[in-house]
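K.L.:
Next up is a structure, given as structure tokens.
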Amino acid sequence: MKRRKDYLTATDFYKFLTCPHWPWFDRFASEGEAALKREQTPGEIRRWDDGVAHEKRVMEQVFGGRGVTELSSTGNPETLFRETTHAMESGAEIIYQGTLISGDWQGRPDILIKTDGSSSLGNWHYIPVDIKAAHVLKPSHRYQLMFYSILLERIQGVFPEKAGIINNDQEEHWFDPRTDFTDFENILGRLESIRQGDKPDLVLRKACFDTSPWGRACEAQAKAANDIALLYNVDVKKLSALRLLGIRTVDDAAEMHIESLAGAAPGLTAHALESIKFQAQSLIRGTVFIKEPVEFSATPFEIHFDIESDPPNDVDYLYGILIRHEGKEEYRSFLARKPEDEKEMWTSFLAWLETLPSEFIVYHYAPYEPMRLAILEERYGGSIWLDRFRSRFIDLKPYATKRVTYPLYFYGLKYICTFLGFHWRGNIKSGGESIDWFERWCEKGDEEDLRQILEYNEDDVRATAFLRDWLTQYASELAAYDPPYPWEGSRK
């Protein structure tokens, strides 16, 4: 295996945390594996370009007028590094798009900020800042900034005392990169092993498909080995522990003796092992296990709620609501026809909340909806009616995923509901595609694109209602359903 000459970059940390095989495949994929690589969609390319432009806008809004030195983002890395060190030695206040190199490490922090404190440069040194859409510091952000901090120490002789991100709302989130180095060093060591050609243990995550371009390659190698990586919701630490105990395949997991393995490694409790064994048996036999009965309180006014957002631009553009009342169903929506209409959409939504009856329940799937409501409340303000609305939330995901086992690799709403018989009608098949269509709508103004977006969102909330009904009908008591399933053919 011939190793391509490459730099270790901050992006490698993000890739590794997303899919451990991503940085390996980038360097060492065989011809057959390379054929499985997913090409970037036009929407992904457009969002990347938009993200670069947005990053520059945020930088100008925050640092405009402070003597920004903008450097080239393309060209020979060594040349770009010399330009960066020249700017640092000259005492530039703000350096945008600098390049840091030490040996075969290369970093591209969005911003370097001059701060007081002696270094090899003089009586100043630099701290790294990245522009992100996130509202909190994620592990990938921290590790990238710690990587930049090490590079800065090698260049200026001083380790930065702080590093941080600035998000789309121009909020600053700082941390001390000198702390919590153990996890960083562990990942750094694994990345360096990858660069030497060591292939990581098998892992299969939804992010391998949604974010990494190597999902099909990851799935192919896991299936070829019938590896325990195929089992839903078994984290890397548990996978490693199971492999050390000789549990390497789905068949091994389906037959493992729980009592003898419980407590053999951190996290391998009897309950965790039981869930893993159920999942393995489900994949082999196609059985749906009801492990814990599900029951929901009855209410005369039932709401199913789903939000469509554009995460790279941190914008919500559609709130979809399915109302069930007195045997009837009504879909309604709150739409921002353009990103700048988000506040108007929010105001209309808050006004509608005041019209709700005193008794109702709101179903959603996963924590995204409450998270986005909190963000827009911070951005535009809330109300007592919003507080009441959120207090009625029931997240279906814990009921659907912790109490039921399906013969599936992933437990997203679309995976589960499609397996159970629900069908999305239109051309849009995922949240990512909805973003693509919304951006196309904003660009071209074709009403058919908007209709497809609304139809997709309506199907999302109808799928939530469908799942709630299925759980009520088929998961109300302990059971094991083998194919053919009793619900097959009962849905459009």
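Residue numbering restarts at 1 in every chain; chains get A, B, ... in the order shown in the structure tokens, and ligands count up from 1 in that same order.
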Can you list, as an NGL selection string, all residues belonging to region 88-192 of chain A that DSSP tags as helix (DSSP H, G or I)?
P.N.:
:A and (88-89 or 139-156 or 181-192)
K.L.:
Let me see the file: selected residues, N, CA and C atoms, as a short mmCIF file (atom, residue, chain, number, x, y, z; two decimals), in the first residue's frame.
P.N.:
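Result file follows (result-v1.cif):
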```
data_model
loop_
_atom_site.label_atom_id
_atom_site.label_comp_id
_atom_site.auth_asym_id
_atom_site.auth_seq_id
_atom_site.Cartn_x
_atom_site.Cartn_y
_atom_site.Cartn_z
N MET A 88 2.18 37.81 10.75
CA MET A 88 2.31 37.66 12.20
C MET A 88 3.50 38.45 12.72
N GLU A 89 4.63 38.35 12.05
CA GLU A 89 5.83 39.07 12.48
C GLU A 89 5.66 40.57 12.35
N PRO A 139 -17.21 19.07 20.05
CA PRO A 139 -15.89 18.45 20.18
C PRO A 139 -15.01 18.67 18.95
N SER A 140 -15.59 18.58 17.76
CA SER A 140 -14.78 18.77 16.56
C SER A 140 -14.21 20.19 16.50
N HIS A 141 -14.99 21.18 16.97
CA HIS A 141 -14.48 22.56 17.00
C HIS A 141 -13.29 22.66 17.95
N ARG A 142 -13.46 22.07 19.13
CA ARG A 142 -12.41 22.15 20.14
C ARG A 142 -11.12 21.50 19.65
N TYR A 143 -11.24 20.31 19.06
CA TYR A 143 -10.04 19.60 18.61
C TYR A 143 -9.35 20.34 17.47
N GLN A 144 -10.12 20.92 16.57
CA GLN A 144 -9.51 21.70 15.49
C GLN A 144 -8.77 22.90 16.05
N LEU A 145 -9.39 23.59 17.01
CA LEU A 145 -8.76 24.77 17.60
C LEU A 145 -7.55 24.39 18.45
N MET A 146 -7.59 23.24 19.09
CA MET A 146 -6.42 22.77 19.83
C MET A 146 -5.28 22.44 18.87
N PHE A 147 -5.62 21.88 17.73
CA PHE A 147 -4.62 21.60 16.69
C PHE A 147 -3.96 22.90 16.23
N TYR A 148 -4.78 23.92 15.97
CA TYR A 148 -4.22 25.22 15.58
C TYR A 148 -3.34 25.79 16.69
N SER A 149 -3.75 25.58 17.94
CA SER A 149 -3.00 26.13 19.07
C SER A 149 -1.61 25.51 19.16
N ILE A 150 -1.53 24.20 18.90
CA ILE A 150 -0.21 23.55 18.90
C ILE A 150 0.66 24.12 17.79
N LEU A 151 0.08 24.31 16.62
CA LEU A 151 0.83 24.89 15.50
C LEU A 151 1.31 26.30 15.85
N LEU A 152 0.43 27.08 16.48
CA LEU A 152 0.82 28.44 16.87
C LEU A 152 1.96 28.41 17.87
N GLU A 153 1.91 27.48 18.82
CA GLU A 153 3.00 27.40 19.80
C GLU A 153 4.32 27.11 19.11
N ARG A 154 4.30 26.23 18.12
CA ARG A 154 5.54 25.90 17.41
C ARG A 154 6.06 27.09 16.60
N ILE A 155 5.16 27.94 16.17
CA ILE A 155 5.55 29.07 15.32
C ILE A 155 5.94 30.29 16.14
N GLN A 156 5.15 30.59 17.21
CA GLN A 156 5.38 31.82 17.96
C GLN A 156 6.00 31.58 19.33
N PHE A 181 -6.64 17.63 27.44
CA PHE A 181 -5.82 17.21 26.30
C PHE A 181 -5.87 15.70 26.04
N THR A 182 -6.36 14.93 27.01
CA THR A 182 -6.30 13.47 26.88
C THR A 182 -7.05 12.96 25.65
N ASP A 183 -8.31 13.40 25.50
CA ASP A 183 -9.10 12.95 24.36
C ASP A 183 -8.49 13.43 23.04
N PHE A 184 -8.01 14.67 23.04
CA PHE A 184 -7.38 15.19 21.83
C PHE A 184 -6.18 14.34 21.43
N GLU A 185 -5.33 14.03 22.41
CA GLU A 185 -4.13 13.25 22.10
C GLU A 185 -4.48 11.84 21.64
N ASN A 186 -5.57 11.29 22.18
CA ASN A 186 -6.01 9.96 21.75
C ASN A 186 -6.41 9.98 20.27
N ILE A 187 -7.20 10.98 19.89
CA ILE A 187 -7.62 11.09 18.49
C ILE A 187 -6.44 11.41 17.59
N LEU A 188 -5.56 12.29 18.07
CA LEU A 188 -4.36 12.62 17.30
C LEU A 188 -3.54 11.35 17.02
N GLY A 189 -3.38 10.51 18.04
CA GLY A 189 -2.63 9.27 17.85
C GLY A 189 -3.28 8.36 16.84
N ARG A 190 -4.60 8.30 16.86
CA ARG A 190 -5.31 7.43 15.91
C ARG A 190 -5.21 7.98 14.50
N LEU A 191 -5.24 9.30 14.36
CA LEU A 191 -5.07 9.89 13.04
C LEU A 191 -3.67 9.65 12.49
N GLU A 192 -2.68 9.75 13.35
CA GLU A 192 -1.32 9.49 12.89
C GLU A 192 -1.16 8.03 12.47
#
```
K.L.:
Would you pick out the contacts of region 44-59 of chain A at 8 Å or less, using only C-alpha atoms, so that residues sharing its chain but fewer than 5 positions from it are not included, and give the list as a list of chain:residue names?
P.N.:
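Within the cut-off, the hits are A:Gly64, A:Ile131, A:Lys132, A:Asn168, A:Gln170, A:Pro312, A:Asn313.
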K.L.:
I'd like the neighbourhood of Glu161 (chain A) as a compact mmCIF listing (two decimals) with N, CA and C atoms, in the first residue's frame, where a residue qualifies if any of its atoms comes within 8 Å (using only C-alpha atoms), though same-chain residues fewer than 3 positions away should be ignored.
P.N.:
```txt
# COMPACT_ATOMS: atom_id res chain seq x y z
N ILE A 127 -4.11 34.15 18.82
CA ILE A 127 -5.04 33.10 19.23
C ILE A 127 -5.93 32.76 18.04
N ASP A 176 -10.34 27.25 27.05
CA ASP A 176 -8.89 27.19 27.25
C ASP A 176 -8.36 25.93 26.56
N PRO A 177 -7.63 26.08 25.46
CA PRO A 177 -7.16 24.89 24.73
C PRO A 177 -6.07 24.12 25.45
N ARG A 178 -5.62 24.63 26.59
CA ARG A 178 -4.58 23.93 27.35
C ARG A 178 -5.15 22.83 28.22
```
K.L.:
I need the residue nearest Ser309 (chain A) from this list: A:Ser119, A:Ser434, A:Gln97, A:Ser30. Use only C-alpha atoms for the distance.
P.N.:
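Among A:Ser119, A:Ser434, A:Gln97, A:Ser30, it is A:Ser434 that comes nearest to Ser309 (chain A).
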K.L.:
Could you pull out the strand (DSSP E) residues of region 124-280 of chain A from DSSP and send them as a PyMOL selection string?
P.N.:
chain A and resi 124-131+163-166+172-175
K.L.:
Find, counting only C-alpha atoms, the residue in A:Leu239, A:Ala298, A:Ile307, A:Ile428 that gets nearest to Pro370 (chain A).
P.N.:
A:Ile307
